[in-house]
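Shown next, in structure tokens, is the structure this report addresses.
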Amino acid sequence: MFQAPLAHHDGSELYVNIPGTSYRRVSAVGRPGALRHAHTALQQGGLRWYRHDADSVIFERADSKETLLIEVSKADHTPLISSLNAINLFDKADLVKGEPMPKEGPTFHIWQVTD
């Protein structure tokens, strides 16, 4: 049985498949590709999946210069406890090591890891 990947990009936009839904375009900035252009981890970084369930997906994009943690959720969900400190790139809540991550949805977060 074929299983669709959880995410893919077409060079400028990120598409996320949260289980049980169809692909949805995730537009994080007003100008497509601006965020990707500003962060090398989104251009050429490796990909590591941390969590995916019916309501959310969390993954990391990292290269030698930076590490970004990305969360996409379609509904409220059980929060994870953050294991790191990170700055939210969209003027939302930063991550604090040992504190709960955001649980609200639908939403989109990108954090730049600071430690």
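In the structure tokens, the first chain shown is A, the next is B, and so on; residue numbers restart at 1 for each chain, and ligands run from 1 in the order shown.
The shell of residues at most 6 Å from A:Val72, with only C-alpha atoms counted and near chain neighbours (fewer than 3 positions) removed, consists of A:Ser56, A:Val57, A:Phe108.
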Those residues with N, CA and C atoms, as a PDB file, in the first residue's frame please?
```
ATOM      1  N   SER A  56      -1.163  16.844  14.393  1.00  0.00           N
ATOM      2  CA  SER A  56       0.028  17.678  14.292  1.00  0.00           C
ATOM      3  C   SER A  56       1.226  16.898  13.762  1.00  0.00           C
ATOM      4  N   VAL A  57       2.193  17.665  13.282  1.00  0.00           N
ATOM      5  CA  VAL A  57       3.461  17.105  12.841  1.00  0.00           C
ATOM      6  C   VAL A  57       4.565  18.053  13.313  1.00  0.00           C
ATOM      7  N   PHE A 108       0.853  27.200  12.922  1.00  0.00           N
ATOM      8  CA  PHE A 108       2.127  26.883  12.285  1.00  0.00           C
ATOM      9  C   PHE A 108       3.211  27.611  13.067  1.00  0.00           C
TER      10      PHE A 108
END
```
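Taking only C-alpha atoms, the non-local environment of A:Ile110 within 8 Å (same-chain residues fewer than 5 positions away omitted) comprises Leu68, Leu69, Ile70, Glu71, Asn88, Leu89 and Phe90 of chain A.
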field: Near-A:Glu60 list (10 Å; only C-alpha atoms; drop same-chain fewer than 3 positions) as a ChimeraX atom specification
entry: /A:41-42,45-50,67-71,110-113
task: Give me, please, the distance in Å between atom CA of A:Ser82 and atom CA of A:Pro102, quoted to one decimal.
output: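 The value is 9.6 Å.
Between atom CA of A:Arg36 and atom CA of A:Gly98 the separation is 28.6 Å.
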query: Do you have the atom CA of A:Asp53-atom CA of A:Thr107 distance handy?
result: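 It comes out at 14.8 Å.
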message: Which residues are close to A:Leu80, i.e. within 9 Å by only C-alpha atoms, leaving aside same-chain residues fewer than 5 positions away? Reply as a list in words.
response: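 So, after excluding close chain neighbours, the residues are Glu99, Pro100, Met101, Pro102 and Lys103 of chain A.
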Only N, CA and C atoms, please: the residues just picked out, written as a PDB file, in the first residue's frame.
```pdb
ATOM      1  N   GLU A  99       9.556  23.316  29.546  1.00  0.00           N
ATOM      2  CA  GLU A  99       8.194  23.860  29.544  1.00  0.00           C
ATOM      3  C   GLU A  99       7.383  23.242  28.401  1.00  0.00           C
ATOM      4  N   PRO A 100       6.047  23.226  28.518  1.00  0.00           N
ATOM      5  CA  PRO A 100       5.217  22.668  27.431  1.00  0.00           C
ATOM      6  C   PRO A 100       5.319  23.496  26.149  1.00  0.00           C
ATOM      7  N   MET A 101       5.287  22.796  25.032  1.00  0.00           N
ATOM      8  CA  MET A 101       5.215  23.450  23.732  1.00  0.00           C
ATOM      9  C   MET A 101       3.760  23.869  23.493  1.00  0.00           C
ATOM     10  N   PRO A 102       3.505  24.761  22.534  1.00  0.00           N
ATOM     11  CA  PRO A 102       2.122  25.166  22.256  1.00  0.00           C
ATOM     12  C   PRO A 102       1.243  23.957  21.910  1.00  0.00           C
ATOM     13  N   LYS A 103      -0.023  24.040  22.309  1.00  0.00           N
ATOM     14  CA  LYS A 103      -0.948  22.938  22.056  1.00  0.00           C
ATOM     15  C   LYS A 103      -2.126  23.356  21.186  1.00  0.00           C
TER      16      LYS A 103
END
```
field: Polymer residues at most 9 Å from A:Leu84, only C-alpha atoms, same-chain spacing of 3 or more positions, as a PyMOL selection string
entry: chain A and resi 95-98+113-115
For the selection just defined, write its residues with N, CA and C atoms to a file, as a short mmCIF file (atom, residue, chain, number, x, y, z; two decimals), in the first residue's frame.
```cif
data_model
loop_
_atom_site.label_atom_id
_atom_site.label_comp_id
_atom_site.auth_asym_id
_atom_site.auth_seq_id
_atom_site.Cartn_x
_atom_site.Cartn_y
_atom_site.Cartn_z
N LEU A 95 10.27 28.72 22.71
CA LEU A 95 10.35 27.46 23.45
C LEU A 95 11.33 27.63 24.61
N VAL A 96 10.95 27.09 25.75
CA VAL A 96 11.80 27.11 26.94
C VAL A 96 11.99 25.67 27.38
N LYS A 97 13.24 25.27 27.53
CA LYS A 97 13.56 23.89 27.93
C LYS A 97 12.81 23.54 29.22
N GLY A 98 12.12 22.39 29.19
CA GLY A 98 11.38 21.91 30.36
C GLY A 98 9.95 22.41 30.44
N VAL A 113 16.57 27.18 16.98
CA VAL A 113 17.15 26.63 18.20
C VAL A 113 18.32 27.49 18.63
N THR A 114 18.37 27.81 19.95
CA THR A 114 19.43 28.67 20.49
C THR A 114 20.45 27.92 21.32
N ASP A 115 20.18 26.65 21.65
CA ASP A 115 21.18 25.88 22.42
C ASP A 115 21.32 24.48 21.89
#
```
